[in-house]
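Taking it in order: structure first as structure tokens, then the write-up.
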Amino acid sequence: MERVMTLAAVPSPLPLPGSVEIGESVRGEDVYIVQSGCGEINDNLMELLIMINACKIASSSRVTAVIPCFPYARQDKKDKSRAPISAKLVANMLSVAGADHIITMDLHASQIQGFFDIAVDNLYAEPAVLQWIRENIPEWKNCIIVSPDAGGAKRVTSIADRLNVEFALIHKERKKANEVDRMVLVGDVKDRVAILVDDMADTCGTICHAADKLISAGAIKVYAILTHGIFSGPAISRINNAPFEAVVVTNTIPQEEKIKQCPKIQVIDISMILAEAIRRTHNGESVSYLFSHVPL
């Protein structure tokens, strides 16, 4: 039976940028390369592509790219003239480099799976989020799940149904790509614990405005639960000044430095979900169990 090899992309000690050397034989092996779309994103993406190609031409039997946070996932459509569809370009690059399979988590839009001609497993943080809510929010039965924009309504209704609570959403009107003009709350949050749920937070302008809106509408406490915590620019100072009880993110992106700067940030560990997905993929088992369960 084939062995499974999991490679984590690490900077090369060689002086040449992008130099990659696989330290042992991968001939005939089932290779999994773990690299998230964060930090120096372009360097990391290029490193991943080179590693995939290095394994492929070294005669590995299958190469799977495990990408917890898919890079350029928000550029999935032409939203204005002459705009690129970068998510499609990244999909093409991964395929051309030689990837046979992609494992990722909470894509910004599920349709990105259709950009690939190879198998894609889009895992969900939802089971881990539900577990965190039940274990860490004592008043969760009196909570309301809130989407900070209309696009996340499907994600929010799914969580609300599983918890058997109500949901609300906030409609936002934007002036520019990352500036919110005004917000309209649809739903009643008075005297309830509000839980904002979204797939990612970048500069955190939206969720901080949403938190202020929820408090002014009568919410007792406000939590934010996000799959990918990018936290760029003024995000940390905004969270520190916002009325959140906690901002909960998964570790698809490393958060050690951000936690030191902001005590409100808490982390859900999703490494077990990815590890179980790798094990099931290698053994030819179904991965769909992970869509609704957290592995023990």
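Here, A, B, ... name the chains of the structure tokens in the order displayed, residue numbers run from 1 inside each chain, and ligands are numbered from 1 in the same displayed order.
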message = Give me the residues near segment 36-44 of chain A as number ranges by chain, where near means some atom within 6 Å (using only C-alpha atoms) and where sequence neighbours in that chain fewer than 5 positions away do not count.
response = A: 67-71
query = Near segment 46-55 of chain A, counting only C-alpha atoms, which residues have an atom at most 12 Å away, once you skip same-chain residues fewer than 5 positions from it, shown as number ranges by chain?
reply = A: 5-12, 16-37, 40-41, 60-67, 70-71, 90-102
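Here atom CA of Asn251 of chain A is placed at a distance of 5.7 Å from atom CA of Asp269 of chain A.
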message = If we count only C-alpha atoms and set the cut-off at 10 Å, which residues sit around Val249 of chain A, ignoring sequence neighbours fewer than 5 positions away in its own chain? Please answer as a VMD selection string.
response = chain A and resid 125 129 198 to 201 224 to 230 255 265 to 269
Selection from above, N, CA, C and O atoms, as an mmCIF file, in the first residue's frame, can you write it?
data_model
loop_
_atom_site.group_PDB
_atom_site.id
_atom_site.type_symbol
_atom_site.label_atom_id
_atom_site.label_comp_id
_atom_site.auth_asym_id
_atom_site.auth_seq_id
_atom_site.Cartn_x
_atom_site.Cartn_y
_atom_site.Cartn_z
ATOM 1 N N ALA A 125 -16.096 25.047 8.179
ATOM 2 C CA ALA A 125 -15.789 25.260 9.593
ATOM 3 C C ALA A 125 -17.048 25.191 10.450
ATOM 4 O O ALA A 125 -16.961 25.195 11.675
ATOM 5 N N VAL A 129 -17.650 25.560 14.512
ATOM 6 C CA VAL A 129 -18.277 26.797 14.995
ATOM 7 C C VAL A 129 -19.453 26.475 15.915
ATOM 8 O O VAL A 129 -19.601 27.058 16.994
ATOM 9 N N ASP A 198 -19.357 35.280 9.507
ATOM 10 C CA ASP A 198 -18.931 35.567 8.133
ATOM 11 C C ASP A 198 -17.781 34.641 7.770
ATOM 12 O O ASP A 198 -17.205 33.985 8.648
ATOM 13 N N ASP A 199 -17.426 34.592 6.479
ATOM 14 C CA ASP A 199 -16.365 33.664 6.068
ATOM 15 C C ASP A 199 -14.981 34.269 6.250
ATOM 16 O O ASP A 199 -14.016 33.552 6.454
ATOM 17 N N MET A 200 -14.867 35.603 6.196
ATOM 18 C CA MET A 200 -13.550 36.203 6.405
ATOM 19 C C MET A 200 -13.684 37.651 6.862
ATOM 20 O O MET A 200 -14.713 38.292 6.629
ATOM 21 N N ALA A 201 -12.651 38.124 7.553
ATOM 22 C CA ALA A 201 -12.587 39.531 7.957
ATOM 23 C C ALA A 201 -11.217 40.065 7.561
ATOM 24 O O ALA A 201 -10.199 39.492 7.929
ATOM 25 N N ALA A 224 -18.362 37.781 17.281
ATOM 26 C CA ALA A 224 -18.124 37.616 15.840
ATOM 27 C C ALA A 224 -17.384 36.302 15.636
ATOM 28 O O ALA A 224 -16.416 36.013 16.343
ATOM 29 N N ILE A 225 -17.875 35.495 14.709
ATOM 30 C CA ILE A 225 -17.214 34.223 14.386
ATOM 31 C C ILE A 225 -16.900 34.217 12.893
ATOM 32 O O ILE A 225 -17.798 34.343 12.057
ATOM 33 N N LEU A 226 -15.622 34.093 12.578
ATOM 34 C CA LEU A 226 -15.143 34.210 11.195
ATOM 35 C C LEU A 226 -14.227 33.037 10.883
ATOM 36 O O LEU A 226 -13.443 32.628 11.734
ATOM 37 N N THR A 227 -14.311 32.506 9.679
ATOM 38 C CA THR A 227 -13.446 31.381 9.331
ATOM 39 C C THR A 227 -12.007 31.856 9.103
ATOM 40 O O THR A 227 -11.070 31.312 9.667
ATOM 41 N N HIS A 228 -11.841 32.878 8.260
ATOM 42 C CA HIS A 228 -10.496 33.342 7.909
ATOM 43 C C HIS A 228 -10.265 34.738 8.488
ATOM 44 O O HIS A 228 -10.901 35.707 8.053
ATOM 45 N N GLY A 229 -9.370 34.847 9.449
ATOM 46 C CA GLY A 229 -9.058 36.145 10.046
ATOM 47 C C GLY A 229 -7.828 36.746 9.394
ATOM 48 O O GLY A 229 -6.704 36.456 9.803
ATOM 49 N N ILE A 230 -8.030 37.579 8.383
ATOM 50 C CA ILE A 230 -6.894 38.182 7.668
ATOM 51 C C ILE A 230 -6.321 39.336 8.487
ATOM 52 O O ILE A 230 -5.102 39.475 8.617
ATOM 53 N N GLN A 255 -2.522 32.941 13.829
ATOM 54 C CA GLN A 255 -3.020 34.108 14.567
ATOM 55 C C GLN A 255 -2.190 34.457 15.807
ATOM 56 O O GLN A 255 -2.599 35.307 16.596
ATOM 57 N N ILE A 265 -9.437 38.333 20.532
ATOM 58 C CA ILE A 265 -9.371 37.291 19.495
ATOM 59 C C ILE A 265 -9.201 35.920 20.144
ATOM 60 O O ILE A 265 -8.328 35.714 20.978
ATOM 61 N N GLN A 266 -10.069 34.987 19.763
ATOM 62 C CA GLN A 266 -9.968 33.593 20.194
ATOM 63 C C GLN A 266 -9.897 32.712 18.952
ATOM 64 O O GLN A 266 -10.393 33.091 17.892
ATOM 65 N N VAL A 267 -9.284 31.541 19.095
ATOM 66 C CA VAL A 267 -9.018 30.697 17.923
ATOM 67 C C VAL A 267 -9.653 29.320 18.072
ATOM 68 O O VAL A 267 -9.561 28.689 19.124
ATOM 69 N N ILE A 268 -10.340 28.893 16.998
ATOM 70 C CA ILE A 268 -10.843 27.521 16.901
ATOM 71 C C ILE A 268 -9.828 26.727 16.079
ATOM 72 O O ILE A 268 -9.494 27.119 14.954
ATOM 73 N N ASP A 269 -9.340 25.624 16.614
ATOM 74 C CA ASP A 269 -8.349 24.805 15.906
ATOM 75 C C ASP A 269 -9.052 23.874 14.917
ATOM 76 O O ASP A 269 -9.866 23.042 15.300
#
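Ranking A:Val197, A:Met272, A:Ile103, A:Ala235 by their shortest atom-to-atom distance to Ser158 of chain A, with only C-alpha atoms included, puts A:Val197 first.
Considering only C-alpha atoms, the residue among A:Ile259, A:Ile170, A:Ala242, A:Ala219 positioned nearest to Gly205 of chain A is A:Ala242.
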ask   = From the list A:Ile270, A:Cys262, A:Ala153, A:Ile144, which residue is nearest Leu214 of chain A when using only C-alpha atoms?
value = A:Ile144
inquiry  = Which of segment 27-213 of chain A end up as helix (DSSP H, G or I) when DSSP is run on this backbone - answer as an NGL selection string?
reply    = :A and (41-57 or 86-97 or 110-115 or 126-136 or 140-142 or 150-163 or 205-213)
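Shortest separation to Tyr223 of chain A among A:Ile137, A:Ala275, A:Val294, A:Cys204 occurs at residue A:Ile137, atoms counted being only C-alpha atoms.
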ask   = Skipping near chain neighbours, those fewer than 4 positions away, what residues fall within 10 Å of Arg238 of chain A using only C-alpha atoms, listed as a ChimeraX atom specification?
value = /A:203-205,207-209,231,233-234,242-243
